[in-house]
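**Student:** Just one file: upload.pdb, with PDB, C-alpha atoms.
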```pdb
ATOM      1  CA  SER R   1      69.219 125.806 334.701
ATOM      2  CA  LYS R   2      72.177 123.916 336.107
ATOM      3  CA  ASP R   3      74.167 125.209 339.113
ATOM      4  CA  LEU R   4      77.752 126.202 338.357
ATOM      5  CA  MET R   5      78.473 126.635 342.065
ATOM      6  CA  ARG R   6      76.315 126.252 345.140
ATOM      7  CA  TYR R   7      76.870 126.656 348.843
ATOM      8  CA  CYS R   8      74.641 126.811 351.840
ATOM      9  CA  LYS R   9      75.259 127.954 355.413
ATOM     10  CA  HIS R  10      73.129 127.816 358.548
ATOM     11  CA  ALA R  11      73.320 129.838 361.744
ATOM     12  CA  SER R  12      71.380 129.773 364.969
ATOM     13  CA  ILE R  13      69.842 133.123 365.866
ATOM     14  CA  PRO R  14      67.554 134.136 368.736
ATOM     15  CA  GLY R  15      64.205 132.512 367.979
ATOM     16  CA  GLY R  16      65.240 130.408 365.014
ATOM     17  CA  ILE R  17      67.718 129.508 362.349
ATOM     18  CA  ILE R  18      68.842 131.536 359.371
ATOM     19  CA  ARG R  19      69.850 129.781 356.175
ATOM     20  CA  LEU R  20      71.837 131.427 353.398
ATOM     21  CA  GLU R  21      71.915 129.698 350.067
ATOM     22  CA  GLN R  22      73.818 131.084 347.119
ATOM     23  CA  ARG R  23      73.813 129.516 343.699
ATOM     24  CA  GLU R  24      75.825 130.742 340.777
ATOM     25  CA  LEU R  25      73.812 129.978 337.654
ATOM     26  CA  LYS R  26      74.713 130.342 334.006
ATOM     27  CA  ASN R  27      72.432 133.380 333.817
ATOM     28  CA  GLY R  28      73.477 135.029 337.097
ATOM     29  CA  VAL R  29      73.645 134.574 340.856
ATOM     30  CA  GLU R  30      70.720 133.727 343.094
ATOM     31  CA  VAL R  31      70.924 134.466 346.821
ATOM     32  CA  ARG R  32      68.205 133.417 349.249
ATOM     33  CA  PHE R  33      67.841 133.938 352.993
ATOM     34  CA  GLU R  34      65.335 131.908 354.959
ATOM     35  CA  THR R  35      64.483 131.756 358.641
ATOM     36  CA  THR R  36      62.914 128.836 360.475
ATOM     37  CA  ASP R  37      61.389 128.764 363.956
ATOM     38  CA  LEU R  38      63.365 126.699 366.463
ATOM     39  CA  GLU R  39      60.291 124.619 367.310
ATOM     40  CA  GLU R  40      60.237 123.227 363.769
ATOM     41  CA  VAL R  41      63.792 121.856 363.561
ATOM     42  CA  THR R  42      66.827 121.047 365.636
ATOM     43  CA  PRO R  43      69.483 123.722 365.000
ATOM     44  CA  PRO R  44      72.651 122.603 363.247
ATOM     45  CA  HIS R  45      75.920 122.766 365.130
ATOM     46  CA  ALA R  46      77.431 126.182 364.477
ATOM     47  CA  PRO R  47      81.195 126.449 364.660
ATOM     48  CA  SER R  48      82.616 128.633 367.363
ATOM     49  CA  SER R  49      84.063 132.004 366.464
ATOM     50  CA  SER R  50      87.613 132.258 365.211
ATOM     51  CA  SER R  51      90.568 131.601 367.482
ATOM     52  CA  LYS R  52      90.984 135.334 368.023
ATOM     53  CA  ASN R  53      88.192 136.748 370.110
ATOM     54  CA  THR R  54      86.818 139.381 367.769
ATOM     55  CA  GLY R  55      83.313 139.249 369.240
ATOM     56  CA  CYS R  56      81.836 137.806 366.059
ATOM     57  CA  ASP R  57      79.346 134.976 366.053
ATOM     58  CA  PHE R  58      78.498 132.554 363.279
ATOM     59  CA  LEU R  59      75.687 134.757 361.937
ATOM     60  CA  SER R  60      78.170 137.631 361.631
ATOM     61  CA  SER R  61      80.495 135.353 359.697
ATOM     62  CA  LEU R  62      77.634 134.194 357.496
ATOM     63  CA  LEU R  63      76.620 137.713 356.483
ATOM     64  CA  GLY R  64      80.251 138.843 356.516
ATOM     65  CA  ASP R  65      81.135 136.408 353.732
ATOM     66  CA  GLN R  66      78.576 138.056 351.463
ATOM     67  CA  ALA R  67      79.703 141.542 352.534
ATOM     68  CA  LEU R  68      83.328 140.679 351.727
ATOM     69  CA  ARG R  69      82.278 139.481 348.267
ATOM     70  CA  GLU R  70      80.620 142.867 347.741
ATOM     71  CA  LEU R  71      83.858 144.588 348.800
ATOM     72  CA  GLU R  72      85.837 142.448 346.350
ATOM     73  CA  LYS R  73      83.439 143.425 343.563
ATOM     74  CA  GLY R  74      83.879 147.091 344.470
ATOM     75  CA  ASP R  75      80.229 147.471 345.496
ATOM     76  CA  TYR R  76      81.017 149.391 348.675
ATOM     77  CA  LYS R  77      77.456 150.647 349.227
ATOM     78  CA  SER R  78      76.049 147.098 349.233
ATOM     79  CA  ALA R  79      78.859 145.958 351.519
ATOM     80  CA  LEU R  80      78.084 148.839 353.871
ATOM     81  CA  VAL R  81      74.425 147.785 354.086
ATOM     82  CA  LEU R  82      75.471 144.226 354.975
ATOM     83  CA  PHE R  83      78.013 145.372 357.586
ATOM     84  CA  ASP R  84      75.347 147.619 359.120
ATOM     85  CA  ALA R  85      73.058 144.560 359.374
ATOM     86  CA  ILE R  86      75.825 142.524 361.011
ATOM     87  CA  LEU R  87      76.474 145.249 363.577
ATOM     88  CA  ARG R  88      72.774 145.688 364.348
ATOM     89  CA  ALA R  89      72.601 141.954 365.085
ATOM     90  CA  ASN R  90      75.981 141.786 366.845
ATOM     91  CA  PRO R  91      77.447 145.141 367.944
ATOM     92  CA  THR R  92      80.507 143.416 369.475
ATOM     93  CA  CYS R  93      81.946 142.150 366.173
ATOM     94  CA  ALA R  94      85.276 143.987 365.873
ATOM     95  CA  ARG R  95      86.009 142.561 362.412
ATOM     96  CA  ALA R  96      82.731 143.965 361.086
ATOM     97  CA  TYR R  97      83.651 147.441 362.371
ATOM     98  CA  ASN R  98      87.026 147.175 360.661
ATOM     99  CA  ASP R  99      85.529 145.958 357.381
ATOM    100  CA  ARG R 100      82.727 148.534 357.479
ATOM    101  CA  GLY R 101      85.390 151.182 358.061
ATOM    102  CA  TYR R 102      87.176 149.993 354.927
ATOM    103  CA  ALA R 103      83.944 150.323 352.915
ATOM    104  CA  LYS R 104      83.459 153.833 354.329
ATOM    105  CA  LEU R 105      87.050 154.716 353.435
ATOM    106  CA  LYS R 106      86.424 153.624 349.847
ATOM    107  CA  LEU R 107      83.258 155.755 349.832
ATOM    108  CA  GLU R 108      85.375 158.696 351.098
ATOM    109  CA  ASP R 109      83.658 158.887 354.493
ATOM    110  CA  ARG R 110      86.956 159.402 356.323
ATOM    111  CA  ALA R 111      85.436 160.396 359.660
ATOM    112  CA  GLY R 112      83.120 157.384 359.655
ATOM    113  CA  ALA R 113      85.965 155.087 358.630
ATOM    114  CA  LEU R 114      88.238 156.372 361.393
ATOM    115  CA  ALA R 115      85.473 155.934 363.986
ATOM    116  CA  ASP R 116      84.965 152.318 362.871
ATOM    117  CA  PHE R 117      88.705 151.521 362.888
ATOM    118  CA  ASP R 118      89.023 153.077 366.358
ATOM    119  CA  ARG R 119      86.078 151.036 367.630
ATOM    120  CA  ALA R 120      87.480 147.807 366.150
ATOM    121  CA  ILE R 121      90.825 148.398 367.878
ATOM    122  CA  ALA R 122      89.161 149.336 371.175
ATOM    123  CA  MET R 123      87.241 146.036 371.063
ATOM    124  CA  GLU R 124      90.124 143.912 369.783
ATOM    125  CA  PRO R 125      93.553 145.554 370.279
ATOM    126  CA  THR R 126      95.304 142.787 368.303
ATOM    127  CA  LEU R 127      93.205 143.226 365.143
ATOM    128  CA  ILE R 128      96.210 144.118 362.998
ATOM    129  CA  GLN R 129      94.363 145.046 359.813
ATOM    130  CA  ALA R 130      92.494 147.817 361.647
ATOM    131  CA  TYR R 131      95.845 149.500 362.400
ATOM    132  CA  VAL R 132      96.872 149.119 358.767
ATOM    133  CA  ASN R 133      93.560 150.581 357.621
ATOM    134  CA  ARG R 134      94.066 153.550 359.941
ATOM    135  CA  ALA R 135      97.549 153.926 358.455
ATOM    136  CA  VAL R 136      96.102 154.048 354.943
ATOM    137  CA  LEU R 137      93.518 156.611 356.005
ATOM    138  CA  LYS R 138      96.202 158.791 357.642
ATOM    139  CA  ARG R 139      98.547 158.394 354.672
ATOM    140  CA  GLU R 140      95.773 159.476 352.296
ATOM    141  CA  SER R 141      95.149 162.465 354.575
ATOM    142  CA  ASN R 142      98.878 163.295 354.317
ATOM    143  CA  ASP R 143      99.481 162.523 358.004
ATOM    144  CA  LEU R 144     102.604 160.489 357.235
ATOM    145  CA  GLN R 145     103.942 160.429 360.803
ATOM    146  CA  GLY R 146     100.569 159.224 362.087
ATOM    147  CA  ALA R 147     100.436 156.598 359.340
ATOM    148  CA  LEU R 148     103.924 155.419 360.241
ATOM    149  CA  ALA R 149     102.934 155.116 363.913
ATOM    150  CA  GLU R 150      99.930 152.951 362.916
ATOM    151  CA  CYS R 151     102.119 150.621 360.840
ATOM    152  CA  ASN R 152     104.602 150.347 363.695
ATOM    153  CA  ALA R 153     101.758 149.488 366.100
ATOM    154  CA  ALA R 154     100.635 146.714 363.744
ATOM    155  CA  LEU R 155     104.199 145.410 363.437
ATOM    156  CA  ARG R 156     104.562 145.260 367.224
ATOM    157  CA  ILE R 157     101.724 142.718 367.150
ATOM    158  CA  ASP R 158     103.171 140.758 364.208
ATOM    159  CA  PRO R 159     106.579 141.869 362.875
ATOM    160  CA  LYS R 160     106.046 139.940 359.622
ATOM    161  CA  TYR R 161     102.550 141.200 358.758
ATOM    162  CA  PHE R 162     102.811 141.819 355.020
ATOM    163  CA  ASN R 163     100.228 144.620 354.678
ATOM    164  CA  ALA R 164     101.870 146.605 357.470
ATOM    165  CA  LEU R 165     105.344 146.124 355.977
ATOM    166  CA  VAL R 166     104.238 147.224 352.504
ATOM    167  CA  ASN R 167     102.360 150.246 353.820
ATOM    168  CA  ARG R 168     105.300 151.265 355.994
ATOM    169  CA  MET R 169     107.565 151.046 352.937
ATOM    170  CA  VAL R 170     105.193 153.298 350.967
ATOM    171  CA  ILE R 171     105.140 155.794 353.842
ATOM    172  CA  TYR R 172     108.950 155.831 354.077
ATOM    173  CA  LEU R 173     109.165 156.443 350.326
ATOM    174  CA  ARG R 174     106.779 159.376 350.665
ATOM    175  CA  LEU R 175     108.728 160.738 353.656
ATOM    176  CA  PHE R 176     112.019 160.518 351.774
ATOM    177  CA  ASP R 177     110.353 162.076 348.733
ATOM    178  CA  ASP R 178     109.207 165.015 350.838
ATOM    179  CA  ASP R 179     112.756 165.530 352.167
TER     180      ASP R 179
END
```
Turn the structure described in the file into structure tokens.

**Tutor:**
Amino acid sequence: SKDLMRYCKHASIPGGIIRLEQRELKNGVEVRFETTDLEEVTPPHAPSSSSKNTGCDFLSSLLGDQALRELEKGDYKSALVLFDAILRANPTCARAYNDRGYAKLKLEDRAGALADFDRAIAMEPTLIQAYVNRAVLKRESNDLQGALAECNAALRIDPKYFNALVNRMVIYLRLFDDD
């Protein structure tokens, strides 16, 4: 059958190369992972990590793309499995801790989510979304003052960060409602 969409990514890993190919077909989606020994091929040039040092390598980004698609679909358990794989391969990837925490939050594992958000912030103190995610967790736990403090911490990093501004507004509305 004919491809509707196709993309392929490569990443260098210890001992070889990993290749992710995803094709969206008329009858579904096909995802394949392959590994190749380094002796067989010359590794492709992998882009460096993002401008912010979040401790993530290209392989983390490769698997993270698929994990984020699972989050978008609402398949939090599948996303969690992928984030666990990323963190086994690269335990210094702050973004993966933040995103795994979000999946845990959606699965109502509040303690696990908080631990992941805390770890992401400890590794990368400017990872704004981790503060916002902690704010959401605290707001849902009815800790409105704690949630407000998290939003304010995010806004000290970037005063125009939309998610922090919106969440702070929601918290203020709840605080005023309670009064």

**Student:** Calculated over all atoms listed in the file, which of the candidates R:Ala122, R:Leu87, R:Ala130, R:Cys151 has the smallest distance to R:Gly101?

**Tutor:**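 Looking only at the distances to R:Gly101, the closest residue turns out to be R:Ala130.
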
**Student:** What is the atom CA of R:Arg110-atom CA of R:Asp143 distance in Å, reported with one decimal?

**Tutor:**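 One can read the atom CA of R:Arg110 to atom CA of R:Asp143 distance as 13.0 Å.
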
**Student:** Mind giving me the straight-line distance from atom CA of R:Ala67 to atom CA of R:Phe83 in Å, one decimal?

**Tutor:**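 Computed distance, atom CA of R:Ala67 to atom CA of R:Phe83, equals 6.6 Å.
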
**Student:** Interatomic distance between atom CA of R:Leu173 and atom CA of R:Arg134?

**Tutor:**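 Result for atom CA of R:Leu173 versus atom CA of R:Arg134: 18.1 Å, one decimal.
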
**Student:** Quick one: residues within 12 Å of R:Arg69, only C-alpha atoms, excluding same-chain residues fewer than 6 positions away - as a list in words?

**Tutor:**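 Near R:Arg69, the qualifying residues are Gln22, Leu62, Leu63, Asp75, Tyr76, Ser78, Ala79, Leu80, Leu82, Phe83, Asp99 and Ala103 of chain R.
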